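Note sheet for the following structure.
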Amino acid sequence: MILYTMMPQELIFPEDENAWNKIEMLNVKGVPVLAEQLDEGYRITRILSSNPFDYLNPELAPGNVIRHFGP
């Protein structure tokens with residue numbers, strides 16, 4: 001079977017069953033993102049926007065840790 005997707009392998013085939021429990025869909029400054037819950041906040045893992053300018057915003061770059069979010 002060939003799986004054509006842009007999703008990372010870790011999300012499709014998680015090694016840890018609790019991996020899905022840590023990932024949430026959030027709105028950060030009005031932009032939908034997938035973020036992993038950490039002790040100190042959330043780490044952005046993926047941007048779910050159709051606006052190309054959202055991908056150029058360094059505050060929304062995957063790997064950034066956000067402590068609070070909202071509009």
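In the structure tokens, chains take letters A, B, ... by order of appearance, with residues numbered from 1 within each chain and ligands from 1 in the order shown.
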task: Can you pull out every residue within 8 Å of A:Gly41, counting only C-alpha atoms, but drop anything in the same chain fewer than 4 positions away, and send it as an NGL selection string?
output: :A and (37 or 65-68)
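Distance annotation: of A:Leu11, A:Leu34, A:Leu48, A:Leu26, the residue with the minimal separation from A:Gly63 is A:Leu34; atom set is only C-alpha atoms.
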field: Secondary structure check, helix (DSSP H, G or I) residues of chain A, as a PyMOL selection string
entry: chain A and resi 9-12+19-22+52-56+58-60
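If only C-alpha atoms are the atoms counted, then among A:Ile44, A:Met7, A:Ser49, A:Ala61 the closest residue to A:Gly30 is A:Ser49.
Taking atom CA of A:Glu59 and atom CA of A:Pro32 as the two end points, the separation is 13.1 Å.
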query: Counting only C-alpha atoms, which of A:Met6, A:Met1, A:Ile47, A:Leu56 gets nearest to A:Asn27?
result: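 Closest candidate: A:Ile47.
Interatomic distance, atom CA of A:Thr45 to atom CA of A:Ile23: 8.6 Å.
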message: I need the residues of stretch 1-65 of chain A that end up classed as strand (DSSP E) by DSSP on the backbone, written out as a ChimeraX atom specification.
response: /A:23-28,31-37,42-47,65
- request: Could you check how far atom CA of A:Tyr42 sits from atom CA of A:Glu10, in Å to one decimal?
  value: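 Result for atom CA of A:Tyr42 versus atom CA of A:Glu10: 17.5 Å, one decimal.
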Using only C-alpha atoms: which of A:Tyr4, A:Phe13, A:Pro62, A:Val33 has the shortest distance to A:Ser50: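 Going through A:Tyr4, A:Phe13, A:Pro62, A:Val33 one by one, the smallest distance to A:Ser50 is for A:Val33.
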task: Would you mind listing what lies within 8 Å of A:Leu60 as JSON, numbers by chain, with only C-alpha atoms counted and same-chain residues fewer than 3 positions away left out?
output: {"A": [28, 44, 47, 54, 55, 57, 64]}
Using the selection just defined, write its residues with all heavy atoms as a compact mmCIF listing (two decimals), in the first residue's frame.
```
# COMPACT_ATOMS: atom_id res chain seq x y z
N VAL A 28 -4.10 30.06 16.99
CA VAL A 28 -3.07 30.96 17.48
C VAL A 28 -3.11 32.20 16.61
O VAL A 28 -2.81 32.14 15.43
CB VAL A 28 -1.67 30.30 17.42
CG1 VAL A 28 -0.61 31.25 17.91
CG2 VAL A 28 -1.66 29.02 18.22
N ILE A 44 4.11 24.13 18.50
CA ILE A 44 3.44 24.05 17.21
C ILE A 44 4.10 22.95 16.38
O ILE A 44 5.32 22.93 16.23
CB ILE A 44 3.52 25.41 16.48
CG1 ILE A 44 2.78 26.48 17.28
CG2 ILE A 44 2.95 25.30 15.07
CD1 ILE A 44 2.90 27.87 16.72
N ILE A 47 0.94 23.90 10.72
CA ILE A 47 0.01 24.99 10.43
C ILE A 47 -1.06 24.44 9.51
O ILE A 47 -0.76 23.76 8.53
CB ILE A 47 0.74 26.17 9.77
CG1 ILE A 47 1.84 26.70 10.68
CG2 ILE A 47 -0.24 27.29 9.43
CD1 ILE A 47 2.71 27.76 10.05
N ASP A 54 0.52 33.09 6.36
CA ASP A 54 0.62 32.50 7.69
C ASP A 54 1.88 31.65 7.83
O ASP A 54 2.46 31.55 8.90
CB ASP A 54 -0.61 31.65 8.00
CG ASP A 54 -1.86 32.50 8.16
OD1 ASP A 54 -1.72 33.70 8.48
OD2 ASP A 54 -2.96 31.97 7.96
N TYR A 55 2.31 31.03 6.72
CA TYR A 55 3.51 30.19 6.76
C TYR A 55 4.79 31.03 6.82
O TYR A 55 5.84 30.51 7.18
CB TYR A 55 3.55 29.28 5.53
CG TYR A 55 2.47 28.24 5.55
CD1 TYR A 55 1.20 28.51 5.05
CD2 TYR A 55 2.70 27.00 6.10
CE1 TYR A 55 0.20 27.56 5.08
CE2 TYR A 55 1.70 26.03 6.14
CZ TYR A 55 0.46 26.33 5.63
OH TYR A 55 -0.54 25.39 5.67
N ASN A 57 5.00 33.72 8.80
CA ASN A 57 5.03 34.33 10.12
C ASN A 57 5.96 33.52 11.03
O ASN A 57 5.69 32.35 11.33
CB ASN A 57 3.61 34.37 10.70
CG ASN A 57 3.53 35.13 11.99
OD1 ASN A 57 4.54 35.44 12.61
ND2 ASN A 57 2.33 35.43 12.42
N ASN A 64 8.06 26.20 17.50
CA ASN A 64 7.93 27.29 18.47
C ASN A 64 7.01 26.87 19.61
O ASN A 64 6.00 26.21 19.41
CB ASN A 64 7.37 28.54 17.81
CG ASN A 64 8.39 29.29 17.01
OD1 ASN A 64 9.56 28.95 17.03
ND2 ASN A 64 7.96 30.29 16.29
```
